[in-house]
Amino acid sequence: MSLFDHERVLLKVRSHPIIFIVRSLLFITLGFVPLGLASVNVQELFGREVDETVLVLGLGIYYLYLALFLLFTFFDHHLDIWILTDSHVINVEQNSLFSRNVAKQELSRIQDVEAQIKGILPTIFNYGNVYIQTAGTEERITFTAVPNPRAIADTIIRLMDDARKEPDAPASAGHKL
(Lines give C-alpha, C1' and ligand atoms only; values in the text may rest on other atoms or scores of the structure.)
Protein backbone atom coordinates (compact mmCIF):
# COMPACT_ATOMS: atom_id res chain seq x y z
CA MET A 1 0.00 0.00 0.00
CA SER A 2 1.69 3.15 -1.17
CA LEU A 3 0.46 6.68 -1.02
CA PHE A 4 1.02 9.11 -3.82
CA ASP A 5 3.36 12.04 -3.20
CA HIS A 6 0.49 14.50 -2.98
CA GLU A 7 -1.58 12.34 -0.64
CA ARG A 8 -1.83 12.94 3.08
CA VAL A 9 -3.20 10.57 5.69
CA LEU A 10 -6.03 12.36 7.46
CA LEU A 11 -7.43 9.60 9.64
CA LYS A 12 -6.52 6.08 10.77
CA VAL A 13 -9.34 4.16 12.40
CA ARG A 14 -9.46 0.82 14.21
CA SER A 15 -12.36 -0.95 15.83
CA HIS A 16 -13.51 0.50 19.14
CA PRO A 17 -11.40 -0.81 22.07
CA ILE A 18 -14.52 -2.12 23.81
CA ILE A 19 -14.77 -4.80 21.09
CA PHE A 20 -11.32 -6.14 21.99
CA ILE A 21 -12.05 -5.90 25.71
CA VAL A 22 -15.31 -7.88 25.44
CA ARG A 23 -13.68 -10.59 23.32
CA SER A 24 -10.71 -10.78 25.70
CA LEU A 25 -13.01 -11.09 28.71
CA LEU A 26 -14.65 -14.10 27.05
CA PHE A 27 -11.29 -15.90 26.82
CA ILE A 28 -10.30 -14.86 30.34
CA THR A 29 -13.63 -16.22 31.63
CA LEU A 30 -13.02 -19.48 29.77
CA GLY A 31 -9.69 -19.65 31.61
CA PHE A 32 -11.57 -20.12 34.88
CA VAL A 33 -13.68 -23.04 33.62
CA PRO A 34 -11.14 -25.71 34.68
CA LEU A 35 -11.12 -24.26 38.20
CA GLY A 36 -14.88 -24.77 38.38
CA LEU A 37 -14.49 -28.32 37.16
CA ALA A 38 -11.84 -29.03 39.80
CA SER A 39 -14.59 -29.77 42.31
CA VAL A 40 -15.97 -32.52 40.07
CA ASN A 41 -14.67 -36.01 40.71
CA VAL A 42 -12.86 -36.86 37.46
CA GLN A 43 -13.16 -40.60 38.02
CA GLU A 44 -16.97 -40.33 38.21
CA LEU A 45 -17.06 -38.04 35.18
CA PHE A 46 -15.17 -40.43 32.88
CA GLY A 47 -16.27 -43.67 34.59
CA ARG A 48 -12.69 -44.81 35.18
CA GLU A 49 -9.47 -43.67 36.76
CA VAL A 50 -7.65 -40.96 34.82
CA ASP A 51 -3.90 -40.49 35.05
CA GLU A 52 -2.77 -37.15 36.47
CA THR A 53 -0.36 -36.71 33.54
CA VAL A 54 -3.25 -36.85 31.08
CA LEU A 55 -5.11 -34.18 33.05
CA VAL A 56 -2.07 -31.89 33.15
CA LEU A 57 -1.49 -32.42 29.42
CA GLY A 58 -5.16 -31.71 28.69
CA LEU A 59 -5.10 -28.51 30.77
CA GLY A 60 -1.89 -27.41 29.06
CA ILE A 61 -3.44 -27.86 25.61
CA TYR A 62 -6.61 -26.09 26.76
CA TYR A 63 -4.71 -23.04 28.03
CA LEU A 64 -2.45 -23.04 24.99
CA TYR A 65 -5.49 -22.81 22.70
CA LEU A 66 -6.99 -20.07 24.86
CA ALA A 67 -3.76 -18.07 24.63
CA LEU A 68 -3.62 -18.65 20.87
CA PHE A 69 -7.19 -17.41 20.36
CA LEU A 70 -6.55 -14.40 22.60
CA LEU A 71 -3.43 -13.57 20.58
CA PHE A 72 -5.36 -13.95 17.32
CA THR A 73 -8.07 -11.63 18.71
CA PHE A 74 -5.40 -9.04 19.46
CA PHE A 75 -3.87 -9.34 15.97
CA ASP A 76 -7.29 -9.14 14.35
CA HIS A 77 -8.13 -5.99 16.31
CA HIS A 78 -4.77 -4.33 15.81
CA LEU A 79 -4.21 -5.19 12.13
CA ASP A 80 -7.71 -4.29 10.88
CA ILE A 81 -7.35 -0.63 9.99
CA TRP A 82 -9.15 1.87 7.82
CA ILE A 83 -7.15 4.77 6.44
CA LEU A 84 -8.67 7.95 5.05
CA THR A 85 -6.44 10.14 2.91
CA ASP A 86 -7.33 13.32 1.11
CA SER A 87 -8.05 11.33 -2.07
CA HIS A 88 -8.58 7.64 -1.11
CA VAL A 89 -10.23 5.33 1.39
CA ILE A 90 -8.04 2.33 2.22
CA ASN A 91 -9.43 -0.77 3.91
CA VAL A 92 -6.91 -3.21 5.43
CA GLU A 93 -8.51 -6.32 6.91
CA GLN A 94 -6.74 -9.27 8.48
CA ASN A 95 -8.91 -12.29 7.58
CA SER A 96 -6.81 -14.96 9.27
CA LEU A 97 -3.30 -15.27 10.61
CA PHE A 98 -1.76 -15.39 7.13
CA SER A 99 -4.42 -13.71 4.99
CA ARG A 100 -4.92 -9.98 4.53
CA ASN A 101 -7.09 -7.97 2.13
CA VAL A 102 -6.25 -4.41 1.15
CA ALA A 103 -8.80 -2.39 -0.82
CA LYS A 104 -8.19 1.15 -2.01
CA GLN A 105 -10.90 3.35 -3.47
CA GLU A 106 -10.81 6.89 -4.80
CA LEU A 107 -13.05 9.38 -3.01
CA SER A 108 -14.40 10.61 -6.35
CA ARG A 109 -15.81 7.11 -7.07
CA ILE A 110 -17.78 6.90 -3.80
CA GLN A 111 -21.53 7.17 -4.32
CA ASP A 112 -22.99 6.61 -0.87
CA VAL A 113 -21.79 6.76 2.74
CA GLU A 114 -23.90 5.47 5.63
CA ALA A 115 -23.18 5.44 9.37
CA GLN A 116 -25.05 2.90 11.47
CA ILE A 117 -25.22 2.45 15.24
CA LYS A 118 -27.36 -0.49 16.39
CA GLY A 119 -27.73 -1.90 19.86
CA ILE A 120 -27.34 -0.90 23.48
CA LEU A 121 -23.55 -1.16 23.82
CA PRO A 122 -22.87 0.63 20.52
CA THR A 123 -25.20 3.44 21.55
CA ILE A 124 -23.63 3.78 25.01
CA PHE A 125 -20.03 3.67 23.75
CA ASN A 126 -20.76 5.49 20.44
CA TYR A 127 -19.42 2.95 17.98
CA GLY A 128 -20.87 1.41 14.86
CA ASN A 129 -20.32 0.68 11.20
CA VAL A 130 -19.65 3.00 8.28
CA TYR A 131 -20.71 1.64 4.89
CA ILE A 132 -19.17 3.08 1.73
CA GLN A 133 -20.72 2.20 -1.64
CA THR A 134 -18.66 2.86 -4.73
CA ALA A 135 -19.43 3.14 -8.42
CA GLY A 136 -19.04 -0.10 -10.32
CA THR A 137 -19.12 -3.72 -9.28
CA GLU A 138 -16.75 -3.50 -6.30
CA GLU A 139 -17.98 -4.63 -2.91
CA ARG A 140 -18.84 -1.89 -0.52
CA ILE A 141 -16.22 -0.98 2.04
CA THR A 142 -17.27 -1.44 5.65
CA PHE A 143 -15.60 0.20 8.62
CA THR A 144 -16.65 -2.28 11.32
CA ALA A 145 -17.36 -1.21 14.92
CA VAL A 146 -15.45 2.08 14.66
CA PRO A 147 -15.69 4.86 17.24
CA ASN A 148 -17.87 7.84 16.31
CA PRO A 149 -19.12 6.53 12.94
CA ARG A 150 -21.24 9.61 12.17
CA ALA A 151 -18.23 11.93 12.35
CA ILE A 152 -16.24 9.57 10.11
CA ALA A 153 -19.09 9.44 7.58
CA ASP A 154 -19.41 13.24 7.63
CA THR A 155 -15.67 13.60 7.05
CA ILE A 156 -15.78 11.20 4.09
CA ILE A 157 -18.75 13.07 2.59
CA ARG A 158 -16.92 16.42 2.91
CA LEU A 159 -13.81 14.96 1.28
CA MET A 160 -15.95 13.39 -1.48
CA ASP A 161 -17.48 16.77 -2.25
CA ASP A 162 -14.04 18.38 -2.34
CA ALA A 163 -12.71 15.63 -4.63
CA ARG A 164 -15.62 16.15 -7.05
CA LYS A 165 -15.20 19.93 -7.10
CA GLU A 166 -11.48 19.71 -7.87
CA PRO A 167 -10.88 16.34 -9.56
CA ASP A 168 -7.22 17.04 -10.45
CA ALA A 169 -6.15 18.46 -7.08
CA PRO A 170 -6.10 16.78 -3.68
CA ALA A 171 -8.78 17.78 -1.19
CA SER A 172 -8.13 20.83 0.91
CA ALA A 173 -6.21 20.37 4.12
CA GLY A 174 -8.48 22.58 6.17
CA HIS A 175 -10.75 19.82 7.48
CA LYS A 176 -10.62 19.14 11.17
CA LEU A 177 -11.24 15.59 12.32
# chains A, B, ... in the order shown; residues from 1 in each chain; ligands from 1
>>> select_by_dssp(residues="chain A", states="helix (DSSP H, G or I)", output="count of residues only")
79
>>> closest_atom_pairs(of="region 63-88 of chain A", to="region 15-28 of chain A", cutoff="10 Å", atoms="only C-alpha atoms", output="JSON lines")
{"residue": "A:Tyr63", "atom": "CA", "partner": "A:Phe27", "partner_atom": "CA", "distance": 9.8}
{"residue": "A:Tyr65", "atom": "CA", "partner": "A:Phe27", "partner_atom": "CA", "distance": 9.9}
{"residue": "A:Leu66", "atom": "CA", "partner": "A:Phe27", "partner_atom": "CA", "distance": 6.3}
{"residue": "A:Ala67", "atom": "CA", "partner": "A:Phe27", "partner_atom": "CA", "distance": 8.1}
{"residue": "A:Phe69", "atom": "CA", "partner": "A:Phe27", "partner_atom": "CA", "distance": 7.8}
{"residue": "A:Leu70", "atom": "CA", "partner": "A:Ser24", "partner_atom": "CA", "distance": 6.3}
{"residue": "A:Leu71", "atom": "CA", "partner": "A:Ser24", "partner_atom": "CA", "distance": 9.3}
{"residue": "A:Thr73", "atom": "CA", "partner": "A:Phe20", "partner_atom": "CA", "distance": 7.2}
{"residue": "A:Phe74", "atom": "CA", "partner": "A:Phe20", "partner_atom": "CA", "distance": 7.1}
{"residue": "A:Asp76", "atom": "CA", "partner": "A:Phe20", "partner_atom": "CA", "distance": 9.1}
{"residue": "A:His77", "atom": "CA", "partner": "A:Phe20", "partner_atom": "CA", "distance": 6.5}
{"residue": "A:His78", "atom": "CA", "partner": "A:Ser15", "partner_atom": "CA", "distance": 8.3}
{"residue": "A:Leu79", "atom": "CA", "partner": "A:Ser15", "partner_atom": "CA", "distance": 9.9}
{"residue": "A:Asp80", "atom": "CA", "partner": "A:Ser15", "partner_atom": "CA", "distance": 7.6}
{"residue": "A:Ile81", "atom": "CA", "partner": "A:Ser15", "partner_atom": "CA", "distance": 7.7}
{"residue": "A:Trp82", "atom": "CA", "partner": "A:Ser15", "partner_atom": "CA", "distance": 9.1}
>>> residues_around(residues="Glu93 (chain A)", least_positions_apart="2", cutoff="12 Å", atoms="only C-alpha atoms", output="ChimeraX atom specification")
/A:13-15,75-83,90-91,95-104,141-144
>>> select_by_dssp(residues="region 29-166 of chain A", states="strand (DSSP E or B)", output="PyMOL selection string")
chain A and resi 81-85+88-96+99-106+110-116+127-134+141-147
>>> atom_distance(atom1="CA of Glu7 (chain A)", atom2="CA of Leu159 (chain A)")
12.7 Å
>>> residues_around(residues="Thr85 (chain A)", least_positions_apart="3", cutoff="6 Å", atoms="only C-alpha atoms", output="number ranges by chain")
A: 8-10, 88
>>> residues_around(residues="Leu59 (chain A)", least_positions_apart="5", cutoff="12 Å", atoms="only C-alpha atoms", output="list in words")
Gly31, Phe32, Val33, Pro34, Leu35, Leu37, Ala38, Glu52, Thr53, Val54, Leu64, Tyr65 and Leu66 of chain A
>>> atom_distance(atom1="CA of Lys165 (chain A)", atom2="CA of Leu84 (chain A)")
18.3 Å
>>> residues_around(residues="Pro149 (chain A)", least_positions_apart="2", cutoff="7 Å", atoms="only C-alpha atoms", output="PDB file with N, CA and C atoms, in the first residue's frame")
ATOM      1  N   ALA A 115     -23.635   5.774   8.018  1.00  0.00           N
ATOM      2  CA  ALA A 115     -23.178   5.436   9.370  1.00  0.00           C
ATOM      3  C   ALA A 115     -24.329   4.740  10.085  1.00  0.00           C
ATOM      4  N   TYR A 127     -20.147   3.603  19.056  1.00  0.00           N
ATOM      5  CA  TYR A 127     -19.421   2.951  17.975  1.00  0.00           C
ATOM      6  C   TYR A 127     -20.419   2.272  17.057  1.00  0.00           C
ATOM      7  N   GLY A 128     -19.990   2.030  15.837  1.00  0.00           N
ATOM      8  CA  GLY A 128     -20.873   1.413  14.858  1.00  0.00           C
ATOM      9  C   GLY A 128     -20.132   1.190  13.558  1.00  0.00           C
ATOM     10  N   ASN A 129     -20.888   0.975  12.505  1.00  0.00           N
ATOM     11  CA  ASN A 129     -20.323   0.684  11.196  1.00  0.00           C
ATOM     12  C   ASN A 129     -20.494   1.873  10.264  1.00  0.00           C
ATOM     13  N   VAL A 130     -19.547   2.020   9.357  1.00  0.00           N
ATOM     14  CA  VAL A 130     -19.651   2.997   8.278  1.00  0.00           C
ATOM     15  C   VAL A 130     -19.591   2.202   6.989  1.00  0.00           C
ATOM     16  N   VAL A 146     -16.391   0.967  14.455  1.00  0.00           N
ATOM     17  CA  VAL A 146     -15.450   2.083  14.664  1.00  0.00           C
ATOM     18  C   VAL A 146     -16.044   3.117  15.610  1.00  0.00           C
ATOM     19  N   PRO A 147     -15.187   3.813  16.362  1.00  0.00           N
ATOM     20  CA  PRO A 147     -15.687   4.864  17.244  1.00  0.00           C
ATOM     21  C   PRO A 147     -16.213   6.049  16.429  1.00  0.00           C
ATOM     22  N   ALA A 151     -19.272  10.943  12.661  1.00  0.00           N
ATOM     23  CA  ALA A 151     -18.230  11.929  12.350  1.00  0.00           C
ATOM     24  C   ALA A 151     -17.341  11.431  11.210  1.00  0.00           C
ATOM     25  N   ILE A 152     -17.050  10.138  11.193  1.00  0.00           N
ATOM     26  CA  ILE A 152     -16.243   9.571  10.110  1.00  0.00           C
ATOM     27  C   ILE A 152     -16.997   9.679   8.788  1.00  0.00           C
ATOM     28  N   ALA A 153     -18.285   9.339   8.801  1.00  0.00           N
ATOM     29  CA  ALA A 153     -19.091   9.439   7.577  1.00  0.00           C
ATOM     30  C   ALA A 153     -19.172  10.882   7.098  1.00  0.00           C
TER      31      ALA A 153
END
>>> closest_residue(among="A:Glu139, A:Val92, A:Thr134, A:Ala145", to="Lys118 (chain A)", atoms="only C-alpha atoms")
A:Ala145
>>> decode(residues="region 143-159 of chain A", atoms="all heavy atoms", output="CSV table (one decimal), in the first residue's frame")
chain,number,residue,atom,x,y,z
A,143,PHE,N,-16.4,-0.1,7.4
A,143,PHE,CA,-15.6,0.2,8.6
A,143,PHE,C,-16.4,-0.4,9.7
A,143,PHE,O,-17.5,0.1,10.1
A,143,PHE,CB,-15.5,1.7,8.9
A,143,PHE,CG,-14.7,2.5,7.9
A,143,PHE,CD1,-14.5,2.1,6.6
A,143,PHE,CD2,-14.1,3.7,8.3
A,143,PHE,CE1,-13.7,2.8,5.7
A,143,PHE,CE2,-13.3,4.4,7.5
A,143,PHE,CZ,-13.1,4.0,6.2
A,144,THR,N,-15.9,-1.5,10.3
A,144,THR,CA,-16.7,-2.3,11.3
A,144,THR,C,-16.4,-1.8,12.7
A,144,THR,O,-15.2,-1.8,13.2
A,144,THR,CB,-16.3,-3.8,11.2
A,144,THR,OG1,-16.5,-4.1,9.8
A,144,THR,CG2,-17.2,-4.6,12.0
A,145,ALA,N,-17.4,-1.5,13.5
A,145,ALA,CA,-17.4,-1.2,14.9
A,145,ALA,C,-16.3,-0.1,15.2
A,145,ALA,O,-15.6,-0.2,16.2
A,145,ALA,CB,-17.1,-2.5,15.7
A,146,VAL,N,-16.4,1.0,14.5
A,146,VAL,CA,-15.5,2.1,14.7
A,146,VAL,C,-16.0,3.1,15.6
A,146,VAL,O,-17.3,3.3,15.7
A,146,VAL,CB,-15.1,2.8,13.3
A,146,VAL,CG1,-14.3,1.8,12.5
A,146,VAL,CG2,-16.3,3.3,12.6
A,147,PRO,N,-15.2,3.8,16.4
A,147,PRO,CA,-15.7,4.9,17.2
A,147,PRO,C,-16.2,6.0,16.4
A,147,PRO,O,-15.6,6.4,15.4
A,147,PRO,CB,-14.5,5.3,18.1
A,147,PRO,CG,-13.3,4.4,17.6
A,147,PRO,CD,-13.8,3.6,16.5
A,148,ASN,N,-17.3,6.6,16.9
A,148,ASN,CA,-17.9,7.8,16.3
A,148,ASN,C,-18.1,7.7,14.8
A,148,ASN,O,-17.6,8.5,14.0
A,148,ASN,CB,-17.0,9.1,16.6
A,148,ASN,CG,-17.8,10.3,16.6
A,148,ASN,OD1,-19.0,10.3,16.3
A,148,ASN,ND2,-17.1,11.4,16.9
A,149,PRO,N,-18.9,6.8,14.4
A,149,PRO,CA,-19.1,6.5,12.9
A,149,PRO,C,-19.8,7.7,12.2
A,149,PRO,O,-19.5,7.9,11.0
A,149,PRO,CB,-20.0,5.3,12.9
A,149,PRO,CG,-20.7,5.3,14.2
A,149,PRO,CD,-19.7,5.9,15.2
A,150,ARG,N,-20.6,8.5,12.9
A,150,ARG,CA,-21.2,9.6,12.2
A,150,ARG,C,-20.2,10.7,11.8
A,150,ARG,O,-20.3,11.2,10.7
A,150,ARG,CB,-22.3,10.2,13.0
A,150,ARG,CG,-23.5,9.3,13.1
A,150,ARG,CD,-24.7,9.9,13.9
A,150,ARG,NE,-25.8,9.0,14.0
A,150,ARG,CZ,-26.1,8.3,15.1
A,150,ARG,NH1,-25.4,8.5,16.2
A,150,ARG,NH2,-27.1,7.5,15.2
A,151,ALA,N,-19.3,10.9,12.7
A,151,ALA,CA,-18.2,11.9,12.4
A,151,ALA,C,-17.3,11.4,11.2
A,151,ALA,O,-17.0,12.2,10.3
A,151,ALA,CB,-17.4,12.2,13.6
A,152,ILE,N,-17.1,10.1,11.2
A,152,ILE,CA,-16.2,9.6,10.1
A,152,ILE,C,-17.0,9.7,8.8
A,152,ILE,O,-16.4,10.1,7.8
A,152,ILE,CB,-15.9,8.1,10.4
A,152,ILE,CG1,-14.9,8.1,11.6
A,152,ILE,CG2,-15.2,7.4,9.2
A,152,ILE,CD1,-14.6,6.7,12.2
A,153,ALA,N,-18.3,9.3,8.8
A,153,ALA,CA,-19.1,9.4,7.6
A,153,ALA,C,-19.2,10.9,7.1
A,153,ALA,O,-19.0,11.2,5.9
A,153,ALA,CB,-20.5,8.9,7.8
A,154,ASP,N,-19.4,11.8,8.0
A,154,ASP,CA,-19.4,13.2,7.6
A,154,ASP,C,-18.1,13.7,7.0
A,154,ASP,O,-18.1,14.4,6.0
A,154,ASP,CB,-19.8,14.1,8.8
A,154,ASP,CG,-21.2,13.9,9.3
A,154,ASP,OD1,-22.0,13.4,8.5
A,154,ASP,OD2,-21.5,14.3,10.5
A,155,THR,N,-17.0,13.2,7.6
A,155,THR,CA,-15.7,13.6,7.0
A,155,THR,C,-15.5,13.0,5.6
A,155,THR,O,-15.0,13.7,4.7
A,155,THR,CB,-14.5,13.1,8.0
A,155,THR,OG1,-14.7,13.6,9.3
A,155,THR,CG2,-13.2,13.4,7.4
A,156,ILE,N,-15.9,11.8,5.4
A,156,ILE,CA,-15.8,11.2,4.1
A,156,ILE,C,-16.7,12.0,3.1
A,156,ILE,O,-16.2,12.2,2.0
A,156,ILE,CB,-16.2,9.7,4.1
A,156,ILE,CG1,-15.1,8.9,5.0
A,156,ILE,CG2,-16.3,9.1,2.7
A,156,ILE,CD1,-15.5,7.5,5.3
A,157,ILE,N,-17.9,12.3,3.5
A,157,ILE,CA,-18.8,13.1,2.6
A,157,ILE,C,-18.1,14.4,2.2
A,157,ILE,O,-18.2,14.8,1.1
A,157,ILE,CB,-20.2,13.2,3.2
A,157,ILE,CG1,-20.8,11.9,3.3
A,157,ILE,CG2,-21.0,14.2,2.5
A,157,ILE,CD1,-22.1,11.8,4.1
A,158,ARG,N,-17.6,15.1,3.2
A,158,ARG,CA,-16.9,16.4,2.9
A,158,ARG,C,-15.8,16.2,1.9
A,158,ARG,O,-15.6,17.0,1.0
A,158,ARG,CB,-16.4,17.1,4.2
A,158,ARG,CG,-17.4,17.9,4.9
A,158,ARG,CD,-16.8,18.8,6.0
A,158,ARG,NE,-15.8,18.2,6.8
A,158,ARG,CZ,-16.0,17.6,8.0
A,158,ARG,NH1,-17.3,17.6,8.5
A,158,ARG,NH2,-15.1,17.0,8.7
A,159,LEU,N,-14.9,15.2,2.2
A,159,LEU,CA,-13.8,15.0,1.3
A,159,LEU,C,-14.3,14.5,-0.1
A,159,LEU,O,-13.6,14.9,-1.1
A,159,LEU,CB,-12.9,13.9,1.9
A,159,LEU,CG,-12.1,14.4,3.1
A,159,LEU,CD1,-11.4,13.2,3.8
A,159,LEU,CD2,-11.1,15.4,2.8
